[in-house]
Structures are given as C-alpha cells and as structure tokens.
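Here is the file work-v1.cif (mmCIF, C-alpha atoms).
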data_model
loop_
_atom_site.label_atom_id
_atom_site.label_comp_id
_atom_site.auth_asym_id
_atom_site.auth_seq_id
_atom_site.Cartn_x
_atom_site.Cartn_y
_atom_site.Cartn_z
CA GLY A 8 -40.75 -79.26 -18.54
CA ALA A 9 -43.04 -76.70 -16.96
CA GLY A 10 -41.63 -73.30 -16.20
CA VAL A 11 -42.83 -70.72 -13.72
CA SER A 12 -46.52 -70.05 -14.15
CA GLN A 13 -48.54 -67.08 -12.92
CA SER A 14 -52.24 -66.41 -12.71
CA PRO A 15 -54.18 -64.50 -13.66
CA ARG A 16 -52.24 -63.18 -16.64
CA TYR A 17 -54.29 -60.00 -16.66
CA LYS A 18 -56.19 -58.35 -13.84
CA VAL A 19 -58.25 -55.18 -13.90
CA ALA A 20 -59.22 -53.77 -10.51
CA LYS A 21 -61.10 -50.72 -9.42
CA ARG A 22 -59.22 -48.41 -7.09
CA GLY A 23 -59.66 -49.60 -3.53
CA GLN A 24 -60.20 -53.27 -4.38
CA ASP A 25 -57.99 -56.05 -3.02
CA VAL A 26 -56.20 -58.36 -5.47
CA ALA A 27 -54.33 -61.66 -5.14
CA LEU A 28 -51.71 -62.78 -7.64
CA ARG A 29 -50.52 -66.38 -7.74
CA CYS A 30 -47.15 -67.84 -8.63
CA ASP A 31 -46.37 -71.53 -9.24
CA PRO A 32 -42.57 -71.91 -9.25
CA ILE A 33 -40.67 -74.65 -11.01
CA SER A 34 -41.15 -77.86 -9.03
CA GLY A 35 -38.51 -78.30 -6.36
CA HIS A 36 -37.20 -74.75 -6.55
CA VAL A 37 -36.29 -73.51 -3.11
CA SER A 38 -36.00 -69.80 -3.76
CA LEU A 39 -38.82 -67.57 -4.96
CA PHE A 40 -38.78 -63.87 -5.83
CA TRP A 41 -41.38 -61.24 -6.68
CA TYR A 42 -40.57 -58.22 -8.86
CA GLN A 43 -42.64 -55.25 -10.04
CA GLN A 44 -42.12 -53.96 -13.58
CA ALA A 45 -43.62 -50.57 -14.41
CA LEU A 46 -44.23 -49.68 -18.05
CA GLY A 47 -40.96 -48.96 -19.84
CA GLN A 48 -38.86 -49.88 -16.81
CA GLY A 49 -36.85 -52.84 -15.64
CA PRO A 50 -38.15 -55.13 -12.90
CA GLU A 51 -37.77 -53.90 -9.31
CA PHE A 52 -37.24 -56.38 -6.48
CA LEU A 53 -40.12 -56.76 -4.03
CA THR A 54 -39.50 -59.79 -1.84
CA TYR A 55 -37.62 -63.10 -1.46
CA PHE A 56 -38.61 -66.47 0.01
CA GLN A 57 -36.42 -69.41 0.84
CA ASN A 58 -38.86 -72.31 1.16
CA GLU A 59 -41.69 -70.91 3.32
CA ALA A 60 -39.55 -68.28 5.04
CA GLN A 61 -39.78 -64.71 3.81
CA LEU A 62 -36.17 -63.61 4.20
CA ASP A 63 -36.38 -60.19 2.60
CA LYS A 64 -39.39 -57.93 2.07
CA SER A 65 -37.44 -54.70 1.78
CA GLY A 66 -38.78 -53.93 -1.69
CA LEU A 67 -42.47 -54.00 -0.83
CA PRO A 68 -43.62 -50.42 -1.50
CA SER A 69 -46.10 -50.14 1.34
CA ASP A 70 -47.90 -52.11 4.01
CA ARG A 71 -50.71 -52.67 1.50
CA PHE A 72 -48.47 -55.29 -0.11
CA PHE A 73 -48.24 -58.72 1.46
CA ALA A 74 -46.69 -61.95 0.18
CA GLU A 75 -46.83 -65.49 1.49
CA ARG A 76 -45.59 -68.96 0.62
CA PRO A 77 -47.08 -71.11 3.37
CA GLU A 78 -45.99 -74.56 2.15
CA GLY A 79 -42.79 -73.58 0.43
CA SER A 80 -44.12 -73.96 -3.11
CA VAL A 81 -46.97 -71.76 -4.43
CA SER A 82 -46.77 -68.09 -3.49
CA THR A 83 -49.40 -65.37 -3.41
CA LEU A 84 -48.81 -61.62 -3.62
CA LYS A 85 -51.71 -59.68 -2.18
CA ILE A 86 -52.32 -55.99 -2.66
CA GLN A 87 -54.93 -54.34 -0.47
CA ARG A 88 -56.83 -51.17 -1.35
CA THR A 89 -55.23 -50.93 -4.77
CA GLN A 90 -54.12 -47.52 -6.06
CA GLN A 91 -53.47 -46.40 -9.63
CA GLU A 92 -49.73 -46.35 -9.00
CA ASP A 93 -49.91 -50.11 -8.36
CA SER A 94 -50.56 -50.66 -12.07
CA ALA A 95 -47.62 -52.71 -13.34
CA VAL A 96 -46.56 -56.19 -14.37
CA TYR A 97 -45.82 -58.39 -11.37
CA LEU A 98 -43.17 -60.99 -12.13
CA CYS A 99 -42.38 -64.09 -10.14
CA ALA A 100 -39.05 -65.89 -10.43
CA SER A 101 -37.67 -69.06 -8.88
CA SER A 102 -34.26 -70.65 -8.55
CA SER A 103 -33.22 -74.13 -7.58
CA SER A 104 -30.90 -73.54 -4.66
CA THR A 105 -30.11 -71.27 -1.78
CA GLU A 106 -26.90 -70.23 -3.50
CA THR A 107 -28.87 -67.41 -5.01
CA SER A 108 -25.89 -65.26 -5.90
CA THR A 109 -24.88 -67.59 -8.69
CA ASP A 110 -28.08 -69.48 -9.40
CA THR A 111 -30.22 -68.56 -12.39
CA GLN A 112 -33.57 -66.95 -11.65
CA TYR A 113 -36.28 -68.26 -14.00
CA PHE A 114 -39.09 -65.80 -14.58
CA GLY A 115 -42.75 -66.39 -15.17
CA PRO A 116 -44.76 -64.45 -17.78
CA GLY A 117 -46.07 -62.00 -15.20
CA THR A 118 -49.48 -60.70 -14.19
CA ARG A 119 -50.41 -57.38 -15.75
CA LEU A 120 -52.39 -55.41 -13.15
CA THR A 121 -54.37 -52.36 -14.23
CA VAL A 122 -56.01 -50.27 -11.54
CA LEU A 123 -58.76 -47.96 -12.78
CA GLN B 5 -29.98 -41.42 -9.73
CA LYS B 6 -30.59 -45.11 -10.33
CA GLU B 7 -27.96 -47.72 -9.47
CA VAL B 8 -28.08 -49.08 -13.03
CA GLU B 9 -28.44 -46.84 -16.07
CA GLN B 10 -29.40 -48.17 -19.50
CA ASP B 11 -30.35 -46.21 -22.62
CA PRO B 12 -33.91 -47.32 -23.48
CA GLY B 13 -33.40 -46.76 -27.20
CA PRO B 14 -35.23 -47.81 -29.27
CA LEU B 15 -32.56 -49.30 -31.51
CA SER B 16 -33.34 -50.39 -35.08
CA VAL B 17 -30.76 -52.25 -37.18
CA PRO B 18 -30.81 -54.20 -40.47
CA GLU B 19 -30.53 -57.96 -40.41
CA GLY B 20 -26.93 -59.09 -40.15
CA ALA B 21 -25.72 -55.96 -38.33
CA ILE B 22 -23.93 -55.97 -34.98
CA VAL B 23 -26.09 -54.81 -32.08
CA SER B 24 -24.24 -53.02 -29.29
CA LEU B 25 -25.90 -52.52 -25.91
CA ASN B 26 -24.46 -51.14 -22.70
CA CYS B 27 -25.14 -50.21 -19.10
CA THR B 28 -23.36 -48.22 -16.45
CA TYR B 29 -23.68 -48.70 -12.72
CA SER B 30 -22.77 -46.86 -9.57
CA ASN B 31 -22.67 -49.59 -6.90
CA SER B 32 -19.11 -50.93 -6.77
CA ALA B 33 -20.32 -53.86 -4.63
CA PHE B 34 -22.00 -55.51 -7.63
CA GLN B 35 -20.24 -58.79 -8.36
CA TYR B 36 -22.51 -60.59 -10.81
CA PHE B 37 -23.54 -59.22 -14.18
CA MET B 38 -26.28 -60.54 -16.41
CA TRP B 39 -28.12 -59.82 -19.61
CA TYR B 40 -31.75 -60.84 -19.97
CA ARG B 41 -33.93 -60.84 -23.07
CA GLN B 42 -37.62 -60.04 -22.75
CA TYR B 43 -40.10 -60.58 -25.55
CA SER B 44 -43.38 -58.68 -25.50
CA ARG B 45 -45.83 -60.03 -22.89
CA LYS B 46 -43.23 -62.51 -21.61
CA GLY B 47 -40.96 -62.73 -18.60
CA PRO B 48 -37.21 -62.03 -18.86
CA GLU B 49 -34.98 -64.96 -19.83
CA LEU B 50 -31.29 -65.15 -18.99
CA LEU B 51 -28.91 -64.75 -21.95
CA MET B 52 -25.48 -64.24 -20.44
CA TYR B 53 -23.95 -64.33 -16.97
CA THR B 54 -20.51 -63.06 -16.01
CA TYR B 55 -18.71 -62.77 -12.73
CA SER B 56 -15.45 -61.02 -13.45
CA SER B 57 -14.10 -58.31 -15.69
CA GLY B 58 -13.38 -59.36 -19.25
CA ASN B 59 -15.19 -60.94 -22.16
CA LYS B 60 -17.48 -63.95 -22.34
CA GLU B 61 -18.69 -65.36 -25.63
CA ASP B 62 -21.65 -67.64 -26.33
CA GLY B 63 -22.46 -68.19 -29.97
CA ARG B 64 -23.43 -64.85 -31.50
CA PHE B 65 -23.45 -63.12 -28.11
CA THR B 66 -20.48 -61.48 -26.35
CA ALA B 67 -20.70 -59.92 -22.91
CA GLN B 68 -18.06 -57.53 -21.62
CA VAL B 69 -17.56 -56.27 -18.09
CA ASP B 70 -15.23 -53.43 -17.10
CA LYS B 71 -15.42 -53.10 -13.33
CA SER B 72 -12.92 -50.24 -13.23
CA SER B 73 -15.24 -48.14 -15.39
CA LYS B 74 -18.45 -49.66 -13.99
CA TYR B 75 -19.55 -50.41 -17.53
CA ILE B 76 -20.97 -53.56 -19.12
CA SER B 77 -21.78 -54.33 -22.75
CA LEU B 78 -23.56 -56.93 -24.83
CA PHE B 79 -22.80 -57.46 -28.50
CA ILE B 80 -25.00 -59.48 -30.85
CA ARG B 81 -23.31 -60.52 -34.09
CA ASP B 82 -25.17 -61.38 -37.31
CA SER B 83 -28.42 -60.12 -35.83
CA GLN B 84 -31.67 -61.83 -36.88
CA PRO B 85 -35.29 -60.61 -36.84
CA SER B 86 -35.87 -63.15 -34.04
CA ASP B 87 -33.45 -61.10 -31.89
CA SER B 88 -36.03 -58.28 -31.81
CA ALA B 89 -36.81 -57.87 -28.11
CA THR B 90 -36.05 -55.76 -25.06
CA TYR B 91 -32.64 -56.43 -23.56
CA LEU B 92 -32.20 -55.83 -19.84
CA CYS B 93 -28.92 -55.64 -18.02
CA ALA B 94 -28.98 -56.83 -14.43
CA MET B 95 -26.47 -57.01 -11.64
CA SER B 96 -26.37 -58.21 -8.08
CA VAL B 97 -24.43 -58.52 -4.89
CA ASN B 98 -26.41 -61.50 -3.61
CA TYR B 99 -29.90 -62.62 -4.56
CA LYS B 100 -31.38 -59.19 -5.26
CA LEU B 101 -31.20 -58.34 -8.97
CA SER B 102 -30.97 -54.66 -9.94
CA PHE B 103 -32.12 -54.12 -13.52
CA GLY B 104 -31.59 -51.40 -16.07
CA ALA B 105 -34.63 -49.95 -17.81
CA GLY B 106 -34.09 -52.14 -20.88
CA THR B 107 -33.23 -51.32 -24.50
CA THR B 108 -35.80 -52.18 -27.16
CA VAL B 109 -34.13 -53.62 -30.27
CA THR B 110 -35.74 -54.17 -33.66
CA VAL B 111 -33.87 -56.12 -36.34
CA ARG B 112 -35.30 -55.32 -39.76
CA ALA B 113 -35.45 -58.13 -42.35
#
Can the structure in the file be given as structure tokens, please?
Amino acid sequence: GAGVSQSPRYKVAKRGQDVALRCDPISGHVSLFWYQQALGQGPEFLTYFQNEAQLDKSGLPSDRFFAERPEGSVSTLKIQRTQQEDSAVYLCASSSSTETSTDTQYFGPGTRLTVL
Amino acid sequence: QKEVEQDPGPLSVPEGAIVSLNCTYSNSAFQYFMWYRQYSRKGPELLMYTYSSGNKEDGRFTAQVDKSSKYISLFIRDSQPSDSATYLCAMSVNYKLSFGAGTTVTVRA
C-alpha cells in the first residue's frame, strides 16, 4: 500500500522567496505531523493536526511558517520570505488514530529545502 | 542542553558484530521510547517501541530502557551490511516525539 508521500522531494529557493511543501498522508490517517530535520540532527517537531484541526503549532520557529490541512487529508507547510537558516529536510508523518501516544507515526521521505 | 542526547558516531563494525547504541535523556516525564532507522534520503522508520523499563527483543534487535538512569539502548546482533543506516532514538510524553541526533552505523562486509 501507499505510504506517506511528499512533494517536491527537493526545492531550491532564493532567500526571500515563499515556498509550499505538500504532504499526502496514508489514506484514512487522522493525525498528521510536520518535523524539521537539520543536517546531522534528529527531527524537531513543528506542528500537529487531528483531522483538519491544528492542535499544536508550538514548534513552528517563526510566524513565517504556516501549515494547513483544510479537508483533513493533504497538508501544506508554507514558509514565507525564506532565510538560509530554513534550509533543512521537512518531514511529514501520519498516524491512524487520535491515540497518538501509542500509535506509530509513519514518515514520508521528506522535502529537502535549500535556501541560497 | 538538549532533552535527548545521542552520540552521533560514526560507528563502523565488521559484519556479524554486535552494534550497541544508546541515548540519555533529562525529561523524567517521557513515557514512550522508540528507535527509528533512517536510510540516506529516506524518512525514519520505526524499529522498536517500548513503554516500560526492561528489555524488549524482536529478532536481532533488543531495546533496553532504564528509567531510573534515564538511559536507553539498542543492540543489533549478527549485524549485516543492510543494517548500515542512521539510528535515531526518540521519546515522548504524548504525540510530540523528541529525537536524538542519530548515530550513523556502517557494517563492513
């Protein structure tokens, strides 16, 4: 079966440009997460959706970062006025239930963003 | 200081050796402990999941949790070249995973 997919896989942006990163979770998965993974580091939590509701956005590094999941399936992470420190791999994960403490998070391959 | 500390390695072992990986943590509220494997240019995939202190075994993999010492370990027996990857420890209180930096392991044929 299909796993979590993300597009584009690679994105190069000039400093100051806006970017949009897409995540297609596993079909039927209720919970969706975004993480940021800097080079040589582990993923860092950004935000969490339960269906279309954004329940936690405490990890978003600045107000330039915005995420949405309007119909409770596909999600988009938008970064406005990109800066060089935004260069990282952005990972999306989904899980099947709202019992997120014990439910496995399945990760997509990530989008590698490079800001020049 | 980060909540989860993990030696990034790299670690290089011959095929068939035992690989030993570990993490320490500072947040005593963590209840769930996981090990993920991440191949180059791929997302992390869950290897092992434990809830309580003690050992959990799954094939060639053994996970240990010592909550009193705030220390978790992963052992890989009879390591294979296909085990070459970055191994990330992760832990959580609820839905928010806190990861270590990852240890890069190479198993030499």
Within 10 Å of Thr89 in chain A using all atoms listed in the file, minus same-chain residues under 5 positions, as a list in words: Ala20, Lys21, Arg22, Gly23, Gln24, Asp25, Val26, Arg71, Phe72, Ser94, Leu120, Thr121, Val122 and Leu123 of chain A
Residues returned when the PyMOL selection byres ((chain A and resi 66-70) around 7) runs on this file, as a PyMOL selection string: chain A and resi 52-54+64-65+71-72
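Relative to CA of Gly63 in chain B, CA of Gln84 in chain B is found at 13.2 Å.
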Residues of chain B within 12 Å of chain A, counting all atoms listed in the file, as JSON, numbers by chain: {"B": [6, 7, 8, 9, 10, 11, 12, 13, 14, 34, 35, 36, 37, 38, 39, 40, 41, 42, 43, 44, 45, 46, 47, 48, 49, 50, 51, 52, 53, 54, 55, 90, 91, 92, 93, 94, 95, 96, 97, 98, 99, 100, 101, 102, 103, 104, 105, 106, 107, 108]}
Selection dump of the PyMOL selection byres ((chain A and resi 35) around 10), as a ChimeraX atom specification: /A:32-34,36-38,58,79-80,101-104
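For Val23 in chain B, the residues within 8 Å (counting all atoms listed in the file, excluding itself and residues fewer than 5 positions away along the chain) are B:Val17, B:Leu78, B:Phe79, B:Ile80, B:Arg81, B:Ser83.
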Residues matched by the PyMOL selection byres ((chain B and resi 110) around 6), written as an mmCIF file with C-alpha atoms, in the frame of the given file:
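Below you can see expr.cif, which holds the result:
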data_model
loop_
_atom_site.group_PDB
_atom_site.id
_atom_site.type_symbol
_atom_site.label_atom_id
_atom_site.label_comp_id
_atom_site.auth_asym_id
_atom_site.auth_seq_id
_atom_site.Cartn_x
_atom_site.Cartn_y
_atom_site.Cartn_z
ATOM 1 C CA SER B 16 -33.340 -50.390 -35.080
ATOM 2 C CA SER B 88 -36.030 -58.280 -31.810
ATOM 3 C CA VAL B 109 -34.130 -53.620 -30.270
ATOM 4 C CA VAL B 111 -33.870 -56.120 -36.340
#
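Reported to one decimal place, the separation of CA of Lys85 in chain A from CA of Phe73 in chain A is 5.1 Å.
Here CA of Phe56 in chain A is placed at a distance of 22.7 Å from CA of Ala33 in chain B.
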Output requested as a tab-separated table (two decimals), in the coordinates of the input - range 94-108 of chain B, filled out with N, CA, C and O atoms.
chain	number	residue	atom	x	y	z
B	94	ALA	N	-28.67	-56.64	-15.84
B	94	ALA	CA	-28.98	-56.83	-14.43
B	94	ALA	C	-27.69	-57.13	-13.69
B	94	ALA	O	-26.76	-57.70	-14.25
B	95	MET	N	-27.66	-56.74	-12.44
B	95	MET	CA	-26.47	-57.01	-11.64
B	95	MET	C	-26.88	-57.22	-10.19
B	95	MET	O	-27.97	-56.83	-9.78
B	96	SER	N	-26.00	-57.87	-9.45
B	96	SER	CA	-26.37	-58.21	-8.08
B	96	SER	C	-25.15	-58.35	-7.19
B	96	SER	O	-24.03	-58.57	-7.65
B	97	VAL	N	-25.42	-58.18	-5.90
B	97	VAL	CA	-24.43	-58.52	-4.89
B	97	VAL	C	-24.73	-59.92	-4.36
B	97	VAL	O	-23.85	-60.74	-4.22
B	98	ASN	N	-26.00	-60.17	-4.09
B	98	ASN	CA	-26.41	-61.50	-3.61
B	98	ASN	C	-27.59	-61.97	-4.43
B	98	ASN	O	-27.48	-62.18	-5.63
B	99	TYR	N	-28.75	-62.10	-3.82
B	99	TYR	CA	-29.90	-62.62	-4.56
B	99	TYR	C	-30.72	-61.53	-5.23
B	99	TYR	O	-31.53	-61.79	-6.09
B	100	LYS	N	-30.51	-60.27	-4.83
B	100	LYS	CA	-31.38	-59.19	-5.26
B	100	LYS	C	-30.87	-58.61	-6.57
B	100	LYS	O	-29.83	-57.97	-6.62
B	101	LEU	N	-31.61	-58.85	-7.66
B	101	LEU	CA	-31.20	-58.34	-8.97
B	101	LEU	C	-31.60	-56.88	-9.10
B	101	LEU	O	-32.74	-56.51	-8.78
B	102	SER	N	-30.68	-56.06	-9.61
B	102	SER	CA	-30.97	-54.66	-9.94
B	102	SER	C	-30.89	-54.54	-11.46
B	102	SER	O	-29.85	-54.83	-12.05
B	103	PHE	N	-32.00	-54.15	-12.07
B	103	PHE	CA	-32.12	-54.12	-13.52
B	103	PHE	C	-31.97	-52.70	-14.06
B	103	PHE	O	-32.34	-51.72	-13.40
B	104	GLY	N	-31.46	-52.62	-15.30
B	104	GLY	CA	-31.59	-51.40	-16.07
B	104	GLY	C	-33.00	-51.30	-16.63
B	104	GLY	O	-33.81	-52.22	-16.49
B	105	ALA	N	-33.28	-50.19	-17.29
B	105	ALA	CA	-34.63	-49.95	-17.81
B	105	ALA	C	-34.94	-50.79	-19.04
B	105	ALA	O	-36.10	-50.95	-19.41
B	106	GLY	N	-33.88	-51.34	-19.68
B	106	GLY	CA	-34.09	-52.14	-20.88
B	106	GLY	C	-33.94	-51.32	-22.14
B	106	GLY	O	-34.34	-50.15	-22.19
B	107	THR	N	-33.35	-51.93	-23.17
B	107	THR	CA	-33.23	-51.32	-24.50
B	107	THR	C	-34.04	-52.14	-25.48
B	107	THR	O	-33.83	-53.35	-25.59
B	108	THR	N	-34.97	-51.49	-26.18
B	108	THR	CA	-35.80	-52.18	-27.16
B	108	THR	C	-35.07	-52.21	-28.50
B	108	THR	O	-34.68	-51.16	-29.02
